[in-house]
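Asker: I am sharing target_1.txt, which consists of compact mmCIF, C-alpha atoms (C1' of nucleotides):
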# COMPACT_ATOMS: atom_id res chain seq x y z
CA MET A 284 16.95 -20.43 -3.85
CA PRO A 285 13.96 -18.07 -3.56
CA GLU A 286 11.71 -17.68 -6.56
CA LEU A 287 11.83 -14.20 -8.11
CA SER A 288 8.07 -13.97 -7.73
CA ASP A 289 8.48 -14.40 -3.98
CA ILE A 290 11.04 -11.65 -3.52
CA ARG A 291 8.29 -9.04 -3.61
CA THR A 292 6.12 -10.75 -1.04
CA ARG A 293 8.72 -12.01 1.39
CA ALA A 294 8.58 -10.11 4.65
CA VAL A 295 12.17 -9.35 5.54
CA LEU A 296 12.18 -5.63 6.30
CA PRO A 297 12.06 -4.15 9.82
CA ILE A 298 9.89 -1.09 10.34
CA SER A 299 12.98 1.14 10.43
CA THR A 300 13.74 0.23 6.80
CA VAL A 301 10.16 0.83 5.76
CA ILE A 302 10.29 4.24 7.39
CA ALA A 303 13.48 5.08 5.49
CA LEU A 304 11.91 3.90 2.23
CA THR A 305 8.51 5.58 2.58
CA ASP A 306 9.15 8.64 4.77
CA LEU A 307 6.09 7.63 6.77
CA THR A 308 6.21 7.59 10.58
CA ALA A 309 6.06 4.34 12.55
CA ARG A 310 2.80 5.66 13.95
CA GLN A 311 1.24 5.95 10.49
CA ILE A 312 2.51 2.58 9.32
CA ARG A 313 1.11 0.83 12.39
CA TYR A 314 -2.14 2.75 12.18
CA TYR A 315 -2.76 1.74 8.55
CA GLU A 316 -2.27 -1.85 9.65
CA ALA A 317 -4.71 -1.41 12.51
CA GLN A 318 -7.25 -0.25 9.92
CA GLY A 319 -6.83 -3.47 7.97
CA LEU A 320 -4.81 -2.22 5.00
CA LEU A 321 -1.70 -4.24 5.73
CA HIS A 322 -0.83 -7.59 7.26
CA PRO A 323 2.90 -7.64 7.91
CA LEU A 324 4.27 -10.82 9.43
CA ARG A 325 5.51 -10.93 13.01
CA THR A 326 8.71 -12.41 14.34
CA PRO A 327 8.64 -14.72 17.37
CA GLY A 328 9.40 -11.56 19.35
CA ASN A 329 6.31 -9.85 17.92
CA HIS A 330 8.26 -7.46 15.70
CA ARG A 331 6.68 -6.58 12.34
CA MET A 332 8.42 -7.75 9.17
CA TYR A 333 7.45 -6.08 5.89
CA SER A 334 7.79 -7.16 2.26
CA LEU A 335 8.68 -4.93 -0.68
CA LYS A 336 5.06 -5.16 -1.76
CA ASP A 337 4.05 -3.81 1.64
CA VAL A 338 6.33 -0.84 0.98
CA ASP A 339 4.69 -0.26 -2.40
CA ASP A 340 1.26 -0.58 -0.85
CA LEU A 341 2.11 1.91 1.89
CA VAL A 342 3.24 4.49 -0.64
CA GLU A 343 0.06 3.92 -2.64
CA ILE A 344 -2.10 4.10 0.48
CA HIS A 345 -0.73 7.40 1.65
CA SER A 346 -1.08 8.96 -1.79
CA GLN A 347 -4.68 7.79 -1.85
CA LEU A 348 -5.23 9.34 1.57
CA ALA A 349 -3.72 12.58 0.30
CA ALA A 350 -6.19 12.34 -2.59
CA GLY A 351 -9.04 12.42 -0.11
CA PHE A 352 -9.95 8.76 0.43
CA SER A 353 -10.60 7.41 3.91
CA LEU A 354 -8.85 4.37 5.32
CA ALA A 355 -12.20 2.57 5.38
CA GLU A 356 -12.74 3.23 1.68
CA LEU A 357 -9.28 1.97 0.79
CA ARG A 358 -9.81 -1.13 2.90
CA ASP A 359 -13.07 -2.02 1.14
CA ALA A 360 -11.72 -1.21 -2.32
CA GLN A 361 -8.76 -3.48 -1.60
CA LYS A 362 -10.99 -6.55 -1.15
CA GLN A 363 -12.88 -6.49 -4.44
CA PRO A 364 -11.25 -7.99 -7.58
CA LYS A 365 -9.41 -5.60 -9.88
CA PRO A 366 -11.74 -4.38 -12.72
CA LYS A 367 -9.62 -6.14 -15.36
CA THR A 368 -6.90 -3.73 -16.41
CA LYS A 369 -5.22 -6.07 -18.88
CA LEU A 370 -6.83 -7.07 -22.17
CA SER A 371 -5.79 -10.23 -23.96
CA ASP A 372 -4.07 -9.93 -27.35
CA GLU A 373 -7.25 -11.26 -28.94
CA GLU A 374 -9.35 -8.56 -27.27
CA VAL A 375 -6.96 -5.84 -28.37
CA ARG A 376 -7.05 -7.09 -31.99
CA ALA A 377 -10.84 -7.35 -31.95
CA ALA A 378 -11.15 -3.80 -30.60
CA LEU A 379 -8.74 -2.43 -33.20
CA ARG A 380 -10.50 -4.24 -36.06
CA SER A 381 -13.87 -2.92 -34.90
CA GLU A 382 -12.47 0.60 -34.63
CA LEU A 383 -11.01 0.54 -38.15
CA LEU A 384 -14.24 -0.80 -39.62
CA ASN A 385 -16.27 2.01 -38.04
CA GLN A 386 -14.00 4.99 -38.62
CA GLY A 387 -16.05 6.29 -41.54
CA ARG A 388 -19.29 6.44 -39.58
CA LEU A 389 -17.74 7.73 -36.34
CA ASN A 390 -15.66 10.45 -37.96
CA PRO A 391 -17.31 13.80 -37.09
CA ARG A 392 -16.17 15.38 -40.37
CA GLY A 393 -17.55 12.53 -42.44
CA ASP A 394 -14.37 12.03 -44.55
CA SER A 395 -13.21 8.69 -45.87
CA PRO A 396 -10.17 7.92 -43.73
CA THR A 397 -10.27 4.33 -44.90
CA GLN A 398 -8.35 5.35 -48.04
CA GLY A 399 -4.64 4.73 -48.18
CA PHE A 400 -4.09 2.33 -45.32
CA GLY A 401 -2.40 -0.18 -47.57
CA PHE A 402 -4.27 -3.09 -45.99
CA ARG A 403 -7.78 -4.23 -45.20
CA PRO A 404 -8.88 -4.68 -41.62
C1' DC B 769 19.60 -0.52 20.87
C1' DT B 770 15.02 -1.20 18.29
C1' DT B 771 10.27 -2.23 18.38
C1' DC B 772 5.83 -3.01 20.79
C1' DT B 773 1.45 -1.60 23.14
C1' DC B 774 -1.16 1.67 25.48
C1' DA B 775 -2.59 5.98 27.04
C1' DC B 776 -3.19 11.20 27.00
C1' DA B 777 -1.25 18.04 29.73
C1' DT C 779 -1.15 11.90 14.66
C1' DG C 780 2.49 12.85 18.14
C1' DT C 781 4.84 11.26 22.10
C1' DG C 782 6.29 9.31 26.58
C1' DA C 783 6.11 5.15 29.55
C1' DG C 784 7.55 0.53 30.56
C1' DT C 785 8.61 -4.05 28.05
C1' DA C 786 10.45 -7.76 25.41
The structure in this file should be written as structure tokens.

Answerer:
Amino acid sequence: MPELSDIRTRAVLPISTVIALTDLTARQIRYYEAQGLLHPLRTPGNHRMYSLKDVDDLVEIHSQLAAGFSLAELRDAQKQPKPKTKLSDEEVRAALRSELLNQGRLNPRGDSPTQGFGFRP
DNA sequence: CTTCTCACA
DNA sequence: TGTGAGTA
């Protein structure tokens, strides 16, 4: 039984399915691969097999291209580690506590918004 | 029949 | 990027 986490990365889709799912042409899909943005598996007969993640990536890639990025830029940006999008619960709590403690000083109007919270940060 | 690579009036 | 040729 396949792990759920593998479903997304398992290459089981022929290019015809990817075309139906993305509305991209076979030409475009193959070209993006030639530029190093995708690495679909190949069957013994040399046919490309795509995963669901590949489909997601293709959609993202073409929207980025529409936004003005070049294939080279997307390829380079793809390599580098993601600039940490998720904060740990501890980091979120620390940020919130810091924000509450500084509201008085940061408030442009200079009020005292710390009144009436019903608890102390 | 579908996909692949390569080339270009 | 499109498209036709000649394969696998």

Asker: Measure the distance from atom CA of Leu357 of chain A to atom CA of Glu316 of chain A in Å and round it to one decimal.

Answerer: 11.9 Å

Asker: With a distance cut-off of 12 Å and only C-alpha atoms (C1' of nucleotides), select the neighbouring residues of DT781 of chain C, excluding the residue or stretch itself and same-chain residues fewer than 5 positions from it, and output the selection as a PDB file with C-alpha atoms (C1' of nucleotides), in the frame of the given file.

Answerer:
ATOM      1  CA  ALA A 309       6.060   4.340  12.550  1.00  0.00           C
ATOM      2  CA  ARG A 310       2.800   5.660  13.950  1.00  0.00           C
TER       3      ARG A 310
ATOM      4  C1'  DC B 774      -1.160   1.670  25.480  1.00  0.00           C
ATOM      5  C1'  DA B 775      -2.590   5.980  27.040  1.00  0.00           C
ATOM      6  C1'  DC B 776      -3.190  11.200  27.000  1.00  0.00           C
ATOM      7  C1'  DA B 777      -1.250  18.040  29.730  1.00  0.00           C
TER       8       DA B 777
END

Asker: With all atoms listed in the file considered, list every residue of chain A at most 10 Å from chain C, as a list in words.

Answerer: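 Residues passing the distance filter: Thr308, Arg310, Gln311, Tyr314, Gly328, Asn329 and His330 of chain A.
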
Asker: For chain B, which of A:Asn385, A:Ser299, A:Thr305, A:Ser288 is the closest residue, counting only C-alpha atoms (C1' of nucleotides)?

Answerer: A:Ser299

Asker: Could you give me, as a Markdown table, a per-residue list for chain B showing, wherever an atom lies at most 10 Å from an atom of chain A, the closest pair of atoms and their distance in Å to one decimal, using only C-alpha atoms (C1' of nucleotides) and sorting by chain then residue number from low to high?

Answerer:
| residue | atom | partner | partner_atom | distance |
| --- | --- | --- | --- | --- |
| B:DT770 | C1' | A:Ser299 | CA | 8.5 |
| B:DT771 | C1' | A:His330 | CA | 6.2 |
| B:DC772 | C1' | A:His330 | CA | 7.2 |

Asker: When you draw a straight line from atom CA of Leu379 of chain A to atom CA of Pro366 of chain A, how long is it in Å?

Answerer: 20.8 Å

Asker: Enter the distance from atom CA of Met332 of chain A to atom CA of Ile344 of chain A, in Å, rounded to one decimal.

Answerer: 18.1 Å

Asker: Please determine an axis-aligned box that encloses all atoms of segment 771-776 of chain B listed in the file, with 8 Å added on each side, and express its centre and edge lengths in Å to one decimal as JSON.

Answerer:
{"center_x": 3.5, "center_y": 4.1, "center_z": 22.7, "size_x": 29.5, "size_y": 30.2, "size_z": 24.7}
